[in-house]
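J.: Structure file input15.cif (mmCIF, C-alpha atoms and all ligand atoms) right here:
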```cif
data_entry
#
loop_
_atom_site.label_atom_id
_atom_site.label_comp_id
_atom_site.auth_asym_id
_atom_site.auth_seq_id
_atom_site.Cartn_x
_atom_site.Cartn_y
_atom_site.Cartn_z
CA MET A 1 7.99 3.63 -8.46
CA LYS A 2 9.89 6.80 -7.81
CA SER A 3 13.41 8.09 -8.11
CA ILE A 4 15.88 7.31 -5.37
CA LEU A 5 16.59 10.98 -4.76
CA VAL A 6 12.95 11.91 -4.35
CA ARG A 7 12.43 8.90 -2.13
CA PHE A 8 15.40 9.83 -0.03
CA LEU A 9 14.28 13.43 0.41
CA LEU A 10 10.74 12.42 1.30
CA LEU A 11 12.12 9.85 3.67
CA LEU A 12 14.42 12.36 5.33
CA LEU A 13 11.51 14.74 5.76
CA PHE A 14 9.42 11.98 7.19
CA VAL A 15 11.97 10.49 9.49
CA THR A 16 13.06 13.82 10.93
CA SER A 17 9.44 14.54 11.80
CA LEU A 18 9.17 11.39 13.91
CA PRO A 19 10.23 10.92 17.51
CA GLN A 20 13.62 9.19 17.56
CA ASN A 21 14.98 6.13 19.33
CA ILE A 22 11.97 3.98 18.72
CA ALA A 23 12.88 0.31 18.79
CA ILE A 24 11.39 -1.47 15.85
CA ALA A 25 11.05 -5.18 15.29
CA HIS A 26 8.73 -5.67 12.42
CA HIS A 27 8.36 -7.20 8.99
CA SER A 28 10.87 -9.42 7.34
CA TYR A 29 11.33 -7.16 4.33
CA GLY A 30 12.23 -3.78 5.76
CA GLU A 31 16.01 -3.55 6.00
CA SER A 32 16.49 -0.31 7.91
CA SER A 33 14.53 1.21 10.73
CA TYR A 34 13.75 4.17 8.47
CA PHE A 35 11.91 1.98 6.04
CA GLU A 36 10.33 0.01 8.78
CA ARG A 37 8.78 3.14 10.16
CA ARG A 38 7.78 4.57 6.87
CA ASP A 39 6.32 1.37 5.60
CA ARG A 40 3.91 0.78 8.42
CA HIS A 41 0.79 -1.00 7.38
CA ILE A 42 -2.78 -0.13 8.26
CA THR A 43 -3.65 -0.94 11.85
CA SER A 44 -6.77 -2.85 11.02
CA THR A 45 -4.91 -5.87 9.63
CA HIS A 46 -4.28 -7.00 13.21
CA LEU A 47 -7.96 -6.98 14.02
CA ARG A 48 -10.38 -9.68 13.00
CA SER A 49 -13.20 -7.38 13.97
CA VAL A 50 -12.39 -4.65 11.45
CA ASP A 51 -12.79 -5.11 7.71
CA GLU A 52 -10.46 -3.46 5.25
CA LEU A 53 -12.99 -1.21 3.59
CA PHE A 54 -11.77 0.28 0.35
CA CYS A 55 -13.09 2.94 -1.99
CA VAL A 56 -12.22 3.94 -5.51
CA ASP A 57 -12.07 7.41 -7.01
CA THR A 58 -11.69 8.05 -10.73
CA LYS A 59 -12.88 11.67 -10.76
CA GLN A 60 -9.44 12.99 -11.61
CA SER A 61 -9.14 10.68 -14.60
CA SER A 62 -11.10 9.58 -17.63
CA LEU A 63 -11.57 6.07 -16.24
CA ASP A 64 -15.09 4.81 -15.65
CA LEU A 65 -15.82 4.36 -11.94
CA LYS A 66 -17.98 1.29 -12.21
CA GLU A 67 -15.63 -0.56 -14.52
CA THR A 68 -12.55 0.38 -12.50
CA SER A 69 -14.13 -0.36 -9.15
CA ASN A 70 -15.31 -3.77 -10.33
CA ALA A 71 -11.87 -4.57 -11.70
CA ILE A 72 -10.24 -3.70 -8.38
CA ARG A 73 -12.81 -5.74 -6.52
CA ASP A 74 -12.02 -8.71 -8.74
CA ILE A 75 -8.30 -8.31 -8.13
CA LEU A 76 -8.71 -8.06 -4.36
CA TYR A 77 -11.58 -10.34 -3.52
CA GLU A 78 -11.12 -13.86 -2.31
CA ARG A 79 -7.64 -14.39 -3.60
CA ASN A 80 -4.17 -13.14 -2.82
CA TYR A 81 -4.19 -10.98 0.32
CA ASP A 82 -7.88 -11.32 1.06
CA TYR A 83 -8.76 -13.55 4.03
CA LEU A 84 -5.17 -13.80 5.24
CA GLY A 85 -4.63 -14.24 8.98
CA ASN A 86 -7.86 -16.07 9.54
CA LYS A 87 -9.78 -13.20 7.91
CA ARG A 88 -7.93 -10.47 9.73
CA ILE A 89 -7.60 -9.12 6.23
CA ASN A 90 -11.03 -8.94 4.73
CA PHE A 91 -11.50 -6.49 1.87
CA TYR A 92 -14.88 -4.94 1.51
CA ARG A 93 -15.97 -2.26 -0.94
CA GLU A 94 -17.47 0.97 0.32
CA GLY A 95 -19.57 3.13 -1.97
CA GLY A 96 -20.61 0.40 -4.39
CA THR A 97 -20.05 1.22 -8.04
CA SER A 98 -21.64 4.66 -7.97
CA LYS A 99 -19.75 6.59 -5.28
CA HIS A 100 -16.23 7.85 -5.63
CA CYS A 101 -14.21 8.13 -2.40
CA SER A 102 -14.76 11.88 -2.60
CA ASP A 103 -18.54 11.30 -2.67
CA LEU A 104 -18.48 9.53 0.68
CA THR A 105 -19.50 11.44 3.79
CA LYS A 106 -16.89 12.18 6.41
CA SER A 107 -18.24 9.49 8.67
CA GLU A 108 -18.35 6.93 5.85
CA LEU A 109 -14.78 7.80 4.89
CA LYS A 110 -13.60 7.47 8.47
CA ASP A 111 -13.95 3.70 8.32
CA VAL A 112 -12.38 3.30 4.89
CA LYS A 113 -8.87 1.89 5.29
CA ILE A 114 -7.70 1.95 1.69
CA ARG A 115 -8.46 4.55 -0.98
CA TYR A 116 -7.53 3.94 -4.60
CA ILE A 117 -7.36 7.34 -6.25
CA PHE A 118 -6.71 7.58 -9.97
CA THR A 119 -4.96 10.62 -11.33
CA ASP A 120 -2.54 11.40 -14.15
CA ASN A 121 -0.84 13.93 -11.94
CA THR A 122 0.58 11.84 -9.13
CA ALA A 123 3.44 14.33 -8.61
CA PRO A 124 1.97 16.12 -5.58
CA TYR A 125 1.66 12.79 -3.78
CA CYS A 126 4.39 10.60 -5.27
CA GLY A 127 7.10 13.18 -5.96
CA SER A 128 6.86 12.67 -9.73
CA SER A 129 4.06 12.09 -12.19
CA SER A 130 6.05 9.14 -13.56
CA TYR A 131 4.96 6.86 -10.75
CA SER A 132 2.05 5.46 -8.83
CA CYS A 133 2.62 5.28 -5.10
CA ALA A 134 1.11 4.51 -1.72
CA VAL A 135 0.84 7.20 0.91
CA ARG A 136 0.11 6.87 4.61
CA PRO A 137 -0.92 10.28 5.84
CA ASP A 138 -1.83 9.41 9.40
CA LEU A 139 0.59 7.43 11.54
CA ASP A 140 -0.66 5.99 14.75
CA TYR A 141 1.83 5.30 17.54
CA ASP A 142 1.02 2.34 19.73
CA LYS A 143 2.60 3.11 23.09
CA GLU A 144 2.17 -0.35 24.47
CA LEU A 145 3.80 -2.12 21.55
CA ASN A 146 6.16 0.72 20.73
CA VAL A 147 5.37 0.57 17.02
CA TYR A 148 3.80 2.76 14.40
CA HIS A 149 0.89 1.82 12.22
CA CYS A 150 -1.20 3.98 9.93
CA THR A 151 -4.89 4.47 10.36
CA TYR A 152 -5.50 4.41 6.59
CA GLY A 153 -3.67 4.54 3.32
CA ILE A 154 -4.10 6.04 -0.12
CA ALA A 155 -2.86 4.43 -3.32
CA TYR A 156 -2.43 7.09 -5.98
CA ILE A 157 -2.60 5.20 -9.24
CA ARG A 158 -1.77 6.46 -12.69
CA PRO A 159 -4.47 5.40 -15.17
CA ARG A 160 -1.77 4.25 -17.59
CA ASP A 161 -0.27 1.91 -14.98
CA PHE A 162 -3.73 0.51 -14.35
CA GLN A 163 -4.38 0.05 -18.05
CA ASN A 164 -0.99 -1.58 -18.67
CA VAL A 165 -0.58 -3.77 -15.58
CA PRO A 166 -3.78 -3.62 -13.49
CA ASP A 167 -3.14 -6.63 -11.24
CA TYR A 168 0.48 -5.68 -10.64
CA ILE A 169 -0.17 -2.06 -9.76
CA ILE A 170 -3.09 -2.81 -7.43
CA ASN A 171 -1.35 -5.71 -5.69
CA HIS A 172 1.96 -3.85 -5.45
CA GLU A 173 0.51 -0.65 -3.97
CA THR A 174 -1.80 -2.64 -1.71
CA GLY A 175 1.31 -4.57 -0.63
CA HIS A 176 2.76 -1.28 0.63
CA LEU A 177 -0.36 -0.55 2.64
CA LEU A 178 -0.09 -4.03 4.13
CA GLY A 179 3.45 -3.24 5.25
CA MET A 180 5.85 -4.32 2.54
CA PRO A 181 8.51 -1.90 1.25
CA ASP A 182 10.00 -1.86 -2.25
CA GLY A 183 13.12 -3.92 -2.80
CA GLY A 184 15.77 -4.58 -5.40
CA PRO A 185 19.01 -2.93 -6.55
CA ASN A 186 17.17 0.21 -7.71
CA ALA A 187 14.93 0.45 -4.66
CA PRO A 188 15.75 2.92 -1.90
CA ASP A 189 17.24 0.23 0.31
CA LYS A 190 19.24 -1.33 -2.58
CA SER A 191 18.42 -4.79 -1.32
CA PRO A 192 18.97 -8.00 -3.25
CA CYS A 193 16.03 -9.16 -5.36
CA GLN A 194 13.69 -11.47 -3.49
CA ASP A 195 10.78 -13.50 -4.70
CA SER A 196 8.27 -10.70 -4.20
CA ILE A 197 5.83 -8.47 -6.03
CA MET A 198 7.59 -5.60 -4.22
CA HIS A 199 10.91 -6.51 -5.88
CA SER A 200 9.98 -6.06 -9.52
CA ALA A 201 11.36 -4.82 -12.82
CA ASP A 202 10.67 -1.32 -11.53
CA TYR A 203 13.53 -1.89 -9.09
CA GLY A 204 15.92 -3.79 -11.30
CA CYS A 205 14.71 -7.32 -10.65
CA SER A 206 14.21 -9.89 -13.38
CA ASN A 207 10.68 -11.03 -12.53
CA GLY A 208 8.94 -8.39 -14.65
CA ARG A 209 5.79 -6.97 -13.11
CA PRO A 210 4.09 -10.02 -11.62
CA LYS A 211 0.31 -10.03 -11.39
CA ASN A 212 0.03 -11.55 -7.95
CA PRO A 213 1.88 -11.38 -4.65
CA THR A 214 4.14 -14.40 -4.18
CA ALA A 215 3.74 -17.07 -1.50
CA ASN A 216 6.62 -15.32 0.25
CA ASP A 217 4.67 -12.03 0.22
CA LEU A 218 1.51 -13.68 1.51
CA ALA A 219 3.48 -15.32 4.33
CA THR A 220 5.03 -11.95 5.26
CA VAL A 221 1.66 -10.24 5.41
CA GLU A 222 0.03 -13.14 7.21
CA ASN A 223 2.78 -13.37 9.83
CA GLU A 224 2.37 -9.69 10.50
CA THR A 225 -1.36 -9.98 11.12
CA TYR A 226 -0.55 -12.36 13.96
CA SER A 227 2.29 -10.29 15.43
CA ASP A 228 2.37 -6.69 16.61
ZN ZN B 301 6.39 0.35 -4.59
ZN ZN B 302 1.94 -4.38 12.68
#
```
What's the C-alpha cells form of this structure?
Ligand SMILES: [Zn+2]
Ligand SMILES: [Zn+2]
T.:
Amino acid sequence: MKSILVRFLLLLLFVTSLPQNIAIAHHSYGESSYFERRDRHITSTHLRSVDELFCVDTKQSSLDLKETSNAIRDILYERNYDYLGNKRINFYREGGTSKHCSDLTKSELKDVKIRYIFTDNTAPYCGSSSYSCAVRPDLDYDKELNVYHCTYGIAYIRPRDFQNVPDYIINHETGHLLGMPDGGPNAPDKSPCQDSIMHSADYGCSNGRPKNPTANDLATVENETYSD
C-alpha cells in the first residue's frame, strides 16, 4: 500500500545495498529478481522446529492491546496460513495480552518472528503515512542455498486500516512476511491480477480487499515451506 515512486526508490536503495549476481529461484509470485530478493520471507517457515512467535504493540496508537492482540490471534490461529507445511508455520503469541512488543526483553524479542506494530505515522517505515506495510530489517543470506531470507519481520499497521479491514490488513501484511509480493496493475511489478490477497483493490484488482488468503496463496506459501 504505497506509491510506486516511493516503492521504486526504496527498492533501488535496497537492491543497490545487496551483493549482486545472486541467482534466485523462489516463489511463484515474484516476477523480477529485485522483488524476489526484497520479498524474502522469514526463515523459520522452513523449520518445523521453530514456531512463528508474534507480538503486538499498540503503544503508538489509541487501540487497546488486549482487544487488538486477541483479534489478531483470532485472525491467525488455526485457519488460513497457520499449520501450513505440516505445521512448519505455527503461529504462537508472545507476551500474552498484557505485554506490548516493546515491553518484551531483548532475549524474548529475539525469538519473535513477526511484530505487529500499530501507529498512525507509518511514514518513517512505509514511505508514507497513507499505507500500512511490512518491513524486513534483517536479511539473512544462506550460502548453501544461495538465497536470502529474513530473520524477522515487522508489520506496521495503521489503526484505521485495522478498524476498516482487520482480516485483510493482517492477512495481507502477514502474506508479505511469508514471502508474497504485491501484485496487480498498480503494484510495483505491474503484474496481471491473480487470485490472491496480495493482488487487491489497493493495486487495481477487482476483488476488493478480501478477508482471507486464497487457496492459491496458501499453496504458494505451503510450497515454499517445503522448498528452499
Ligand atoms: Zn502489500
Ligand atoms: Zn525460502
J.: With all atoms listed in the file counted, collect every polymer residue having an atom within 7 Å of ligand ZN 301 (chain B); state the result as a list in words.
T.: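 The residues within 7 Å of ligand ZN 301 (chain B), counting all atoms listed in the file, are Met1, Cys133, His172, Glu173, His176, Pro181, Asp182 and Met198 of chain A.
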J.: Which residues sit within 7 Å of ligand ZN 302 (chain B), counting only C-alpha atoms and all ligand atoms, listed as a list in words?
T.: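 Checked against 7 Å with only C-alpha atoms and all ligand atoms; the hits are His26, Arg40, His41, Thr43, His46, His149, Glu224, Thr225, Ser227 and Asp228 of chain A.
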J.: What's the 9 Å shell around region 105-122 of chain A, counting all atoms listed in the file, without same-chain residues fewer than 4 positions away, as a ChimeraX atom specification?
T.: /A:42-44,51-63,72,93-95,100-101,126-133,151-160,162,170,174,177
J.: Can you list, as a list in words, every protein, DNA or RNA residue that comes within 9 Å of Pro185 (chain A) when you count only C-alpha atoms, leaving out same-chain residues fewer than 4 positions away?
T.: Asp189, Lys190, Ser191, Pro192, Cys193, His199, Tyr203, Gly204 and Cys205 of chain A
J.: Rank nothing, just name the residue among A:Asp217, A:Asp195, A:Arg73, A:Arg48 nearest to Asn90 (chain A), using all atoms listed in the file.
T.: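 Closest candidate: A:Arg48.
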J.: Measure the distance from CA of Asp202 (chain A) to CA of Gly179 (chain A) in Å and round it to one decimal.
T.: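 CA of Gly179 (chain A) lies 18.4 Å from CA of Asp202 (chain A).
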J.: Counting all atoms listed in the file, figure out which residue out of A:Val135, A:Met180, A:Val165, A:Ala187 gets nearest to Gly208 (chain A).
T.: A:Val165
J.: Work out how far apart CA of Tyr77 (chain A) and CA of Glu222 (chain A) are and give it in Å to one decimal.
T.: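 Computed distance, CA of Tyr77 (chain A) to CA of Glu222 (chain A), equals 16.1 Å.
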J.: Which one is closest to Tyr168 (chain A): A:Arg79, A:Arg209, A:Arg88, A:Arg136? Count only C-alpha atoms.
T.: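 Result for the nearest residue to Tyr168 (chain A): A:Arg209.
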J.: Between A:Ala215, A:Ser69, A:Pro137, A:Ile169, which residue has the minimum interatomic distance to Tyr125 (chain A), considering all atoms listed in the file?
T.: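 Looking at the shortest contact to Tyr125 (chain A), the residue is A:Pro137.
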J.: For region 173-195 of chain A, supply N, CA and C atoms and report the output as a CSV table (one decimal), keeping the file's coordinate frame.
T.:
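And here is the file that came out, rebuild-v3.csv:
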```csv
chain,number,residue,atom,x,y,z
A,173,GLU,N,0.8,-1.8,-4.9
A,173,GLU,CA,0.5,-0.6,-4.0
A,173,GLU,C,-0.2,-1.1,-2.7
A,174,THR,N,-1.1,-2.1,-2.9
A,174,THR,CA,-1.8,-2.6,-1.7
A,174,THR,C,-0.8,-3.3,-0.8
A,175,GLY,N,0.2,-4.0,-1.4
A,175,GLY,CA,1.3,-4.6,-0.6
A,175,GLY,C,2.0,-3.6,0.3
A,176,HIS,N,2.2,-2.3,-0.2
A,176,HIS,CA,2.8,-1.3,0.6
A,176,HIS,C,1.9,-1.0,1.8
A,177,LEU,N,0.6,-0.9,1.6
A,177,LEU,CA,-0.4,-0.6,2.6
A,177,LEU,C,-0.5,-1.7,3.6
A,178,LEU,N,-0.1,-2.9,3.2
A,178,LEU,CA,-0.1,-4.0,4.1
A,178,LEU,C,1.3,-4.2,4.8
A,179,GLY,N,2.2,-3.3,4.5
A,179,GLY,CA,3.4,-3.2,5.2
A,179,GLY,C,4.7,-3.6,4.5
A,180,MET,N,4.6,-3.9,3.2
A,180,MET,CA,5.8,-4.3,2.5
A,180,MET,C,6.5,-3.2,1.8
A,181,PRO,N,7.8,-2.9,2.0
A,181,PRO,CA,8.5,-1.9,1.2
A,181,PRO,C,9.0,-2.4,-0.1
A,182,ASP,N,9.4,-1.5,-1.0
A,182,ASP,CA,10.0,-1.9,-2.2
A,182,ASP,C,11.3,-2.5,-2.0
A,183,GLY,N,11.8,-3.3,-2.9
A,183,GLY,CA,13.1,-3.9,-2.8
A,183,GLY,C,13.7,-4.1,-4.2
A,184,GLY,N,15.0,-4.4,-4.2
A,184,GLY,CA,15.8,-4.6,-5.4
A,184,GLY,C,16.9,-3.6,-5.5
A,185,PRO,N,17.8,-3.8,-6.4
A,185,PRO,CA,19.0,-2.9,-6.6
A,185,PRO,C,18.7,-1.5,-6.8
A,186,ASN,N,17.5,-1.2,-7.4
A,186,ASN,CA,17.2,0.2,-7.7
A,186,ASN,C,16.1,0.7,-6.7
A,187,ALA,N,15.9,0.0,-5.7
A,187,ALA,CA,14.9,0.4,-4.7
A,187,ALA,C,15.7,1.3,-3.7
A,188,PRO,N,15.0,2.1,-2.9
A,188,PRO,CA,15.8,2.9,-1.9
A,188,PRO,C,16.7,2.2,-1.0
A,189,ASP,N,16.4,0.9,-0.6
A,189,ASP,CA,17.2,0.2,0.3
A,189,ASP,C,18.3,-0.6,-0.4
A,190,LYS,N,18.3,-0.6,-1.8
A,190,LYS,CA,19.2,-1.3,-2.6
A,190,LYS,C,19.4,-2.8,-2.1
A,191,SER,N,18.3,-3.4,-1.8
A,191,SER,CA,18.4,-4.8,-1.3
A,191,SER,C,18.5,-5.8,-2.5
A,192,PRO,N,19.0,-7.0,-2.2
A,192,PRO,CA,19.0,-8.0,-3.2
A,192,PRO,C,17.5,-8.3,-3.7
A,193,CYS,N,17.4,-8.8,-4.9
A,193,CYS,CA,16.0,-9.2,-5.4
A,193,CYS,C,15.5,-10.4,-4.6
A,194,GLN,N,14.3,-10.3,-4.1
A,194,GLN,CA,13.7,-11.5,-3.5
A,194,GLN,C,12.5,-11.9,-4.3
A,195,ASP,N,12.0,-13.0,-4.0
A,195,ASP,CA,10.8,-13.5,-4.7
A,195,ASP,C,9.6,-12.7,-4.1
```
